[in-house]
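With mmCIF, C-alpha atoms and all ligand atoms inside, this is model17.cif:
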data_query
#
loop_
_atom_site.label_atom_id
_atom_site.label_comp_id
_atom_site.auth_asym_id
_atom_site.auth_seq_id
_atom_site.Cartn_x
_atom_site.Cartn_y
_atom_site.Cartn_z
CA MET U 367 -2.91 -35.41 58.33
CA LEU U 368 -2.82 -32.93 55.47
CA PRO U 369 -5.81 -30.67 54.90
CA ARG U 370 -8.20 -32.14 52.33
CA SER U 371 -7.33 -29.57 49.65
CA SER U 372 -3.62 -30.50 49.83
CA LEU U 373 -4.46 -34.19 49.53
CA GLU U 374 -6.59 -33.52 46.48
CA ASN U 375 -3.73 -31.60 44.90
CA ILE U 376 -1.28 -34.42 45.45
CA VAL U 377 -3.67 -36.93 43.92
CA SER U 378 -4.73 -34.78 40.98
CA ASP U 379 -1.09 -33.95 40.13
CA LYS U 380 -0.49 -37.58 39.36
CA VAL U 381 -3.54 -38.66 37.39
CA VAL U 382 -2.54 -41.24 34.81
CA ASP U 383 -4.59 -41.35 31.61
CA VAL U 384 -5.28 -44.87 30.39
CA ALA U 385 -6.90 -45.99 27.11
CA VAL U 386 -9.18 -48.98 27.61
CA GLY U 387 -10.78 -50.93 24.75
CA VAL U 388 -14.14 -52.64 24.86
CA LEU U 389 -13.83 -54.76 21.72
CA ILE U 390 -17.09 -56.47 20.91
CA ARG U 391 -17.25 -59.37 18.49
CA GLU U 392 -20.21 -60.03 16.18
CA ASP U 393 -21.66 -62.53 18.66
CA GLY U 394 -21.65 -59.83 21.37
CA ARG U 395 -18.70 -61.26 23.31
CA MET U 396 -16.02 -58.87 24.54
CA LEU U 397 -12.27 -59.27 24.61
CA LEU U 398 -10.76 -59.67 28.10
CA GLY U 399 -7.29 -60.68 29.20
CA SER U 400 -5.15 -61.26 32.28
CA ARG U 401 -2.54 -58.77 33.47
CA PRO U 402 1.03 -59.93 32.83
CA GLU U 403 3.49 -60.81 35.59
CA GLY U 404 5.40 -57.86 36.97
CA LYS U 405 2.53 -55.33 36.75
CA PRO U 406 0.36 -54.24 39.69
CA TYR U 407 -2.60 -56.65 40.01
CA ALA U 408 -0.79 -59.29 37.91
CA GLY U 409 -3.12 -62.19 37.12
CA TYR U 410 -6.30 -60.08 37.45
CA TRP U 411 -8.44 -59.81 34.33
CA GLU U 412 -9.14 -56.56 32.50
CA PHE U 413 -10.02 -54.98 29.18
CA PRO U 414 -7.02 -54.51 26.86
CA GLY U 415 -5.34 -51.11 26.95
CA GLY U 416 -2.61 -49.11 28.62
CA LYS U 417 -1.24 -45.69 29.50
CA LEU U 418 -1.25 -42.84 27.01
CA GLU U 419 2.14 -41.75 25.78
CA LYS U 420 2.98 -38.09 25.19
CA ASN U 421 0.91 -36.40 22.44
CA GLU U 422 -1.17 -39.52 21.77
CA THR U 423 -4.95 -39.46 21.43
CA VAL U 424 -6.86 -42.12 23.32
CA HIS U 425 -7.65 -43.95 20.07
CA GLN U 426 -3.97 -43.90 19.03
CA ALA U 427 -2.85 -45.22 22.42
CA LEU U 428 -5.43 -47.99 22.26
CA ALA U 429 -4.44 -48.99 18.72
CA ARG U 430 -0.78 -49.12 19.77
CA GLU U 431 -1.45 -51.20 22.89
CA LEU U 432 -3.68 -53.66 21.00
CA GLU U 433 -0.98 -54.15 18.38
CA GLU U 434 1.83 -54.48 20.96
CA GLU U 435 0.01 -56.72 23.44
CA LEU U 436 -2.23 -58.83 21.22
CA GLY U 437 -1.41 -58.29 17.54
CA ILE U 438 -4.82 -56.78 16.82
CA ALA U 439 -5.34 -53.96 14.29
CA LEU U 440 -7.92 -51.45 15.53
CA ALA U 441 -9.63 -49.68 12.63
CA ASP U 442 -12.11 -47.50 14.50
CA SER U 443 -13.32 -46.85 18.04
CA THR U 444 -15.83 -44.49 19.66
CA PRO U 445 -15.60 -42.84 23.09
CA TRP U 446 -17.87 -44.54 25.63
CA PHE U 447 -17.19 -42.98 29.02
CA VAL U 448 -14.44 -41.90 31.40
CA LYS U 449 -14.03 -43.24 34.92
CA GLU U 450 -11.50 -42.28 37.57
CA HIS U 451 -10.25 -44.65 40.23
CA VAL U 452 -7.67 -44.33 42.99
CA TYR U 453 -5.61 -47.50 43.46
CA PRO U 454 -2.88 -47.86 46.09
CA HIS U 455 -0.36 -47.69 43.20
CA ALA U 456 -1.95 -44.92 41.08
CA HIS U 457 -4.83 -42.55 40.45
CA VAL U 458 -6.05 -43.52 36.99
CA ARG U 459 -8.40 -41.86 34.54
CA LEU U 460 -9.74 -44.68 32.40
CA HIS U 461 -10.95 -43.65 28.93
CA PHE U 462 -13.19 -46.49 27.83
CA ARG U 463 -13.73 -46.72 24.06
CA ARG U 464 -15.90 -49.22 22.22
CA SER U 465 -15.16 -50.90 18.94
CA HIS U 466 -16.76 -53.44 16.62
CA ASP U 467 -14.17 -52.59 14.01
CA PHE U 468 -10.93 -54.53 14.51
CA VAL U 469 -9.01 -57.20 12.62
CA GLY U 470 -7.02 -60.20 13.80
CA THR U 471 -7.23 -63.02 16.31
CA PRO U 472 -5.70 -61.96 19.62
CA VAL U 473 -2.33 -63.59 20.29
CA PRO U 474 -0.95 -62.70 23.74
CA LYS U 475 2.58 -61.36 23.41
CA GLU U 476 3.36 -60.75 27.08
CA GLY U 477 2.53 -64.14 28.58
CA GLN U 478 -1.07 -63.17 29.36
CA GLU U 479 -4.22 -65.19 28.77
CA CYS U 480 -7.12 -63.75 26.82
CA GLY U 481 -10.44 -64.62 25.26
CA PHE U 482 -13.89 -63.37 24.23
CA TYR U 483 -16.43 -63.52 27.05
CA ALA U 484 -20.14 -62.86 27.43
CA ALA U 485 -21.06 -60.45 30.26
CA ASN U 486 -22.51 -63.26 32.38
CA GLU U 487 -19.49 -65.55 31.98
CA ARG U 488 -16.74 -65.69 34.57
CA THR U 489 -13.14 -65.14 33.55
CA PRO U 490 -10.60 -67.66 34.95
CA GLY U 491 -9.23 -64.98 37.32
CA LEU U 492 -10.90 -62.09 39.18
CA MET U 493 -11.61 -58.90 37.23
CA LEU U 494 -9.89 -55.67 38.31
CA PRO U 495 -12.13 -54.03 40.95
CA VAL U 496 -13.29 -51.25 38.60
CA ASP U 497 -13.88 -53.48 35.60
CA GLN U 498 -16.41 -55.91 37.05
CA ALA U 499 -19.14 -53.26 37.01
CA ILE U 500 -18.19 -52.18 33.49
CA VAL U 501 -18.61 -55.71 32.12
CA ASN U 502 -22.29 -55.56 33.02
CA ARG U 503 -22.66 -52.25 31.15
CA VAL U 504 -21.37 -53.75 27.92
CA GLU U 505 -24.77 -55.39 27.47
CA LEU U 506 -26.75 -52.16 27.86
CA PRO U 507 -29.03 -51.96 24.81
CA GLU U 508 -28.08 -49.35 22.23
CA VAL U 509 -31.69 -48.33 21.67
CA PHE U 510 -33.32 -47.58 25.02
CA GLU U 511 -36.65 -49.27 25.55
CA GLU U 512 -38.36 -49.43 28.91
CA SER U 513 -37.87 -52.94 30.27
CA SER U 514 -37.93 -54.72 33.57
CA ASP U 515 -34.15 -54.79 33.91
CA LEU U 516 -33.49 -51.18 32.85
CA LEU U 517 -34.71 -48.57 35.28
CA THR U 518 -34.78 -44.77 35.14
CA LEU U 519 -34.92 -42.91 38.42
CA SER U 520 -35.28 -39.48 39.81
CA ARG U 521 -31.93 -38.20 41.12
CA ASN U 522 -32.50 -39.56 44.59
CA ALA U 523 -29.60 -41.45 46.17
CA LEU U 524 -31.70 -43.43 48.63
CA GLN U 525 -34.00 -44.58 45.87
CA ALA U 526 -31.01 -45.74 43.82
CA THR U 527 -29.80 -47.84 46.71
CA ILE U 528 -33.21 -49.41 47.13
CA VAL U 529 -33.63 -50.30 43.48
CA ARG U 530 -30.14 -51.77 43.38
CA ASP U 531 -31.05 -53.96 46.36
CA ARG U 532 -34.09 -55.13 44.46
CA SER U 533 -31.62 -56.17 41.81
CA TYR U 534 -32.47 -54.18 38.75
CA ARG U 535 -29.73 -54.93 36.30
CA TRP U 536 -29.12 -51.30 35.29
CA VAL U 537 -30.00 -48.04 37.00
CA GLY U 538 -30.03 -44.65 35.29
CA ALA U 539 -31.29 -41.09 35.62
CA ARG U 540 -32.25 -38.11 33.52
CA ALA U 541 -29.59 -35.41 33.31
CA GLU U 542 -29.67 -31.92 31.83
CA THR U 543 -26.70 -30.28 33.53
CA MET U 544 -23.15 -31.35 34.31
CA ASP U 545 -24.14 -31.29 37.96
CA ASP U 546 -26.76 -33.98 37.27
CA VAL U 547 -24.18 -36.02 35.39
CA LEU U 548 -21.66 -35.77 38.22
CA LYS U 549 -24.28 -36.88 40.74
CA ALA U 550 -25.08 -39.88 38.56
CA VAL U 551 -21.35 -40.66 38.32
CA ALA U 552 -20.97 -40.37 42.09
CA MET U 553 -23.92 -42.75 42.55
CA ASP U 554 -22.37 -45.15 40.06
CA TYR U 555 -25.51 -45.17 37.94
CA ASP U 556 -25.09 -47.15 34.75
CA PHE U 557 -26.40 -44.48 32.37
CA VAL U 558 -28.03 -41.07 31.99
CA ILE U 559 -30.63 -39.88 29.49
CA VAL U 560 -29.95 -36.40 28.10
CA PRO U 561 -31.76 -34.07 25.69
CA PRO U 562 -29.97 -33.74 22.31
CA GLU U 563 -29.44 -29.98 22.74
CA ALA U 564 -27.63 -30.56 26.07
CA PHE U 565 -25.46 -33.45 24.90
CA ASP U 566 -22.36 -31.57 23.69
CA GLY U 567 -22.31 -29.40 26.82
CA LEU U 568 -22.14 -32.48 29.04
CA LEU U 569 -18.95 -33.77 27.44
CA VAL U 570 -15.58 -33.10 29.06
CA ASN U 571 -12.82 -32.89 26.43
CA GLY U 572 -15.22 -34.53 23.98
CA GLU U 573 -15.93 -37.52 26.20
CA PRO U 574 -18.89 -38.48 28.38
CA ARG U 575 -18.50 -39.25 32.09
CA ILE U 576 -21.07 -42.06 32.01
CA PRO U 577 -22.86 -44.02 29.26
CA THR U 578 -25.36 -41.60 27.77
CA TYR U 579 -28.62 -42.01 25.86
CA VAL U 580 -29.87 -39.15 23.69
CA ASP U 581 -33.56 -38.57 24.32
CA GLY U 582 -35.99 -38.33 21.42
CA ALA U 583 -33.38 -39.26 18.80
CA PRO U 584 -34.55 -41.58 16.02
CA ALA U 585 -32.95 -45.05 16.00
CA ALA U 586 -31.77 -44.25 12.46
CA ASP U 587 -29.44 -41.60 13.99
CA LEU U 588 -27.72 -44.10 16.31
CA ALA U 589 -24.39 -44.11 14.42
CA PHE U 590 -24.30 -40.28 14.41
CA TRP U 591 -24.75 -40.07 18.19
CA GLN U 592 -22.38 -42.94 18.89
CA ALA U 593 -19.63 -41.24 16.87
CA LYS U 594 -20.07 -38.27 19.23
CA GLY U 595 -19.66 -40.51 22.29
CA ALA U 596 -23.25 -41.44 23.20
CA HIS U 597 -23.93 -45.04 24.17
CA GLY U 598 -27.29 -45.05 22.40
CA VAL U 599 -30.57 -43.32 21.71
CA LYS U 600 -33.99 -43.22 23.31
CA PRO U 601 -36.47 -42.73 20.47
CA VAL U 602 -39.85 -41.12 21.17
CA MET U 603 -42.16 -44.01 22.08
N1 LIG U 701 -5.27 -51.90 30.59
C1 LIG U 701 -6.18 -51.69 31.54
N2 LIG U 701 -5.84 -51.00 32.66
C2 LIG U 701 -6.79 -50.84 33.60
C3 LIG U 701 -8.11 -51.34 33.43
N3 LIG U 701 -8.85 -51.02 34.54
C4 LIG U 701 -8.03 -50.37 35.38
O1 LIG U 701 -8.32 -49.94 36.50
N4 LIG U 701 -6.77 -50.23 34.81
C5 LIG U 701 -5.63 -49.59 35.46
O2 LIG U 701 -5.03 -48.67 34.55
C6 LIG U 701 -3.60 -48.73 34.66
C7 LIG U 701 -3.08 -49.17 33.29
O3 LIG U 701 -1.81 -49.49 33.37
P1 LIG U 701 -1.09 -50.68 32.55
O4 LIG U 701 -0.09 -51.24 33.48
O5 LIG U 701 -2.07 -51.63 31.96
O6 LIG U 701 -0.51 -49.82 31.38
P2 LIG U 701 0.75 -50.05 30.47
O7 LIG U 701 0.59 -51.36 29.75
O8 LIG U 701 0.89 -48.81 29.64
O9 LIG U 701 1.90 -50.19 31.56
P3 LIG U 701 3.46 -50.08 31.56
O10 LIG U 701 3.85 -49.48 30.26
O11 LIG U 701 3.73 -49.20 32.76
O12 LIG U 701 3.91 -51.48 31.77
C8 LIG U 701 -3.29 -49.70 35.77
O13 LIG U 701 -3.17 -49.00 36.99
C9 LIG U 701 -4.54 -50.57 35.82
O14 LIG U 701 -4.75 -51.10 37.13
C10 LIG U 701 -8.45 -52.06 32.26
O15 LIG U 701 -9.56 -52.54 32.07
N5 LIG U 701 -7.45 -52.21 31.35
#
C-alpha cells encoding of this file:
Amino acid sequence: MLPRSSLENIVSDKVVDVAVGVLIREDGRMLLGSRPEGKPYAGYWEFPGGKLEKNETVHQALARELEEELGIALADSTPWFVKEHVYPHAHVRLHFRRSHDFVGTPVPKEGQECGFYAANERTPGLMLPVDQAIVNRVELPEVFEESSDLLTLSRNALQATIVRDRSYRWVGARAETMDDVLKAVAMDYDFVIVPPEAFDGLLVNGEPRIPTYVDGAPAADLAFWQAKGAHGVKPVM
C-alpha cells in the first residue's frame, strides 16, 4: 500500500474537469438524459455536459457539448457549484452551471434518451451516483426564507446527521471562511449562507464549492449575485 500522500498525488494528477449543465425550463423542469452506449455508466441518467477541451472555459465546453449532443444553443449560464468525485474509471471535477437561457428542443444525436423532469419525478434509468443528490438541490429556492423543509445548522456533524434522519429536505450552515465551506462540502450540506463581504474570498477560480446564499442581500440584487456564482440571496427579514 502506498503512503496516503502518494495516493493523493496519483489521484490529483489525473483530475478531469467536466462541464455540467442544469438547464431549467420555464415550468421549473430540468433537462436530463441517458448516457450513450460505449461510455462508462452507459444507460445511467445525468445532466448534459462533458469534458473540457484544452483552453476552453466551462461555459464554452458546455455550449459545445449541448450543441453536439442535443442540438441546443446555450446563450448564457451561471456558475452554481463544483463537486469532485472519484469513480473507478476517473477522478472528476464537475463544474455545475445553471441556465434558463437556451434555445431549441433537445434532439439526442448519440442514441441517448432525454427529457425535462421535475425533481420529484423518476427518470426511466438510475441517475449517476453523484447526480441524484444534485437533482434535489435544483429546487432550492432562490430567495432564502425560513421554512420547514430548509434548515440552517451550526457546523456540527452529528447534528447534521440527525436532522437528515428526520428528513429535512435541505440542510445548510453559515460559513465565513473557506474552512467552514470545506466542512460543509465534506458533510454534503446542500447550501451555505455567507456574508456579502466574504463571498468573493470563498470562491475558488471564480466558482463556489457548494450552493451559496448571500446574507442580507436584497431580493432585487438576486441577478447580480447569481452572475457571480451565488445560488440566491437571504434578505434581511
Ligand atoms: N456529462 C455528465 N458527466 C457526469 C455527470 N455526473 C458525473 O459524475 N459525470 C462524470 O463526468 C465524466 C464526464 O464524461 P463524459 O463521458 O460525459 O464526457 P465526454 O462526453 O466529453 O466524453 P468522451 O469525449 O470521452 O466520450 C464521466 O466520468 C461521468 O461519469 C453529469 O451529470 N453529466
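Compared by their closest atoms to Asp515 of chain U, and using all atoms listed in the file, the residues U:Val386, U:Val529, U:Leu494, U:Leu398 rank with U:Val529 nearest.
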Given 6 Å on each side, where is the centre and what are the edge lengths in Å to one decimal of the axis-aligned box enclosing the listed atoms of ligand LIG 701 (chain U), as lines of an AutoDock Vina configuration file?
center_x = -2.8
center_y = -50.6
center_z = 33.4
size_x = 25.5
size_y = 15.9
size_z = 19.5
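Closest approach to ligand LIG 701 (chain U) among U:Val558, U:Leu397, U:Ala408, U:Val496 is made by U:Val496 (distances from all atoms listed in the file).
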Worksheet entry | Long-range neighbours of Ala523 of chain U as a VMD selection string, 12 Å cut-off, only C-alpha atoms, 2 positions minimum in chain | chain U and resid 519 to 521 525 to 530 537 to 539 546 549 to 555
Closest atom pairs, residues of segment 387-456 of chain U within 9 Å of segment 581-597 of chain U, all atoms listed in the file, as a Markdown table:
| residue | atom | partner | partner_atom | distance |
| --- | --- | --- | --- | --- |
| U:Ser443 | CA | U:Ala593 | CA | 8.5 |
| U:Thr444 | CA | U:Ala593 | CA | 5.7 |
| U:Pro445 | CA | U:Gly595 | CA | 4.7 |
| U:Trp446 | CA | U:Gly595 | CA | 5.5 |
| U:Phe447 | CA | U:Gly595 | CA | 7.6 |
Item to complete: To one decimal in Å, tell me the separation between atom CA of Arg430 of chain U and atom CA of Thr578 of chain U.
Response: 26.9 Å
Fill in: Nearest candidate to Gly477 of chain U (options U:Pro402, U:Pro574, U:Val382, U:Glu434; using only C-alpha atoms)
U:Pro402
Practice prompt. Extract, using all atoms listed in the file, all DNA, RNA and protein residues at most 8 Å from Phe510 of chain U, discarding same-chain residues fewer than 6 positions from it, and format them as a list in words.
Written response: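 In the requested form, the answer reads Tyr579, Gly598, Val599, Lys600 and Pro601 of chain U.
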Discussion item. What's around Leu492 of chain U at 8 Å? Count only C-alpha atoms, leave out sequence neighbours fewer than 2 positions away in its own chain, and write the answer as a list in words.
Written reply: Tyr410, Trp411, Thr489, Pro490 and Leu494 of chain U
Item to complete: Compute the set of protein, DNA and RNA residues whose minimum atom distance to ligand LIG 701 (chain U) is at most 9 Å, using only C-alpha atoms and all ligand atoms, and state it as a PyMOL selection string.
Response: chain U and resi 382-388+398-399+401-402+404-407+411-419+427+431+435+449-453+455-460+462+493-497+500
Generate the coordinates of all heavy atoms for segment 509-520 of chain U; report them as a short mmCIF file (atom, residue, chain, number, x, y, z; two decimals), in the coordinates of the input.
data_model
loop_
_atom_site.label_atom_id
_atom_site.label_comp_id
_atom_site.auth_asym_id
_atom_site.auth_seq_id
_atom_site.Cartn_x
_atom_site.Cartn_y
_atom_site.Cartn_z
N VAL U 509 -30.44 -49.09 21.78
CA VAL U 509 -31.69 -48.33 21.67
C VAL U 509 -32.47 -48.57 22.96
O VAL U 509 -32.79 -49.70 23.29
CB VAL U 509 -32.49 -48.76 20.43
CG1 VAL U 509 -33.82 -48.02 20.37
CG2 VAL U 509 -31.67 -48.51 19.16
N PHE U 510 -32.71 -47.47 23.69
CA PHE U 510 -33.32 -47.58 25.02
C PHE U 510 -34.81 -47.87 24.89
O PHE U 510 -35.56 -47.11 24.31
CB PHE U 510 -33.12 -46.25 25.75
CG PHE U 510 -33.59 -46.23 27.17
CD1 PHE U 510 -32.68 -46.30 28.22
CD2 PHE U 510 -34.94 -46.13 27.48
CE1 PHE U 510 -33.11 -46.28 29.53
CE2 PHE U 510 -35.38 -46.10 28.79
CZ PHE U 510 -34.46 -46.17 29.82
N GLU U 511 -35.22 -48.98 25.45
CA GLU U 511 -36.65 -49.27 25.55
C GLU U 511 -36.90 -49.59 27.01
O GLU U 511 -36.08 -50.24 27.64
CB GLU U 511 -37.02 -50.48 24.69
CG GLU U 511 -36.98 -50.15 23.22
CD GLU U 511 -36.98 -51.41 22.35
OE1 GLU U 511 -37.11 -52.52 22.91
OE2 GLU U 511 -36.82 -51.26 21.15
N GLU U 512 -38.04 -49.13 27.52
CA GLU U 512 -38.36 -49.43 28.91
C GLU U 512 -38.43 -50.95 29.05
O GLU U 512 -39.04 -51.61 28.23
CB GLU U 512 -39.72 -48.84 29.30
CG GLU U 512 -39.92 -47.38 28.92
CD GLU U 512 -39.10 -46.40 29.76
OE1 GLU U 512 -38.61 -46.81 30.84
OE2 GLU U 512 -38.95 -45.25 29.32
N SER U 513 -37.77 -51.49 30.06
CA SER U 513 -37.87 -52.94 30.27
C SER U 513 -37.65 -53.21 31.74
O SER U 513 -37.17 -52.36 32.48
CB SER U 513 -36.86 -53.69 29.41
OG SER U 513 -35.59 -53.61 30.01
N SER U 514 -37.95 -54.43 32.14
CA SER U 514 -37.93 -54.72 33.57
C SER U 514 -36.51 -54.69 34.16
O SER U 514 -36.35 -54.56 35.35
CB SER U 514 -38.58 -56.07 33.85
OG SER U 514 -37.91 -57.03 33.09
N ASP U 515 -35.48 -54.82 33.32
CA ASP U 515 -34.15 -54.79 33.91
C ASP U 515 -33.40 -53.47 33.67
O ASP U 515 -32.23 -53.36 33.94
CB ASP U 515 -33.31 -55.99 33.46
CG ASP U 515 -33.09 -56.05 31.98
OD1 ASP U 515 -33.52 -55.14 31.28
OD2 ASP U 515 -32.50 -57.03 31.53
N LEU U 516 -34.10 -52.48 33.18
CA LEU U 516 -33.49 -51.18 32.85
C LEU U 516 -34.37 -50.11 33.49
O LEU U 516 -35.51 -49.93 33.10
CB LEU U 516 -33.51 -51.04 31.33
CG LEU U 516 -32.74 -49.96 30.64
CD1 LEU U 516 -31.25 -50.14 30.86
CD2 LEU U 516 -33.03 -50.00 29.15
N LEU U 517 -33.85 -49.45 34.51
CA LEU U 517 -34.71 -48.57 35.28
C LEU U 517 -34.22 -47.12 35.28
O LEU U 517 -33.04 -46.87 35.51
CB LEU U 517 -34.78 -49.06 36.72
CG LEU U 517 -35.76 -48.25 37.56
CD1 LEU U 517 -37.16 -48.82 37.41
CD2 LEU U 517 -35.34 -48.23 39.00
N THR U 518 -35.13 -46.19 35.04
CA THR U 518 -34.78 -44.77 35.14
C THR U 518 -35.35 -44.21 36.42
O THR U 518 -36.49 -44.45 36.76
CB THR U 518 -35.41 -43.98 33.98
OG1 THR U 518 -35.25 -44.73 32.80
CG2 THR U 518 -34.74 -42.64 33.84
N LEU U 519 -34.55 -43.43 37.11
CA LEU U 519 -34.92 -42.91 38.42
C LEU U 519 -35.02 -41.40 38.43
O LEU U 519 -34.47 -40.75 37.55
CB LEU U 519 -33.78 -43.18 39.39
CG LEU U 519 -33.46 -44.55 39.84
CD1 LEU U 519 -32.19 -44.46 40.63
CD2 LEU U 519 -34.59 -45.06 40.68
N SER U 520 -35.54 -40.87 39.49
CA SER U 520 -35.28 -39.48 39.81
C SER U 520 -33.82 -39.42 40.27
O SER U 520 -33.12 -40.43 40.27
CB SER U 520 -36.18 -39.02 40.94
OG SER U 520 -35.75 -39.66 42.12
#
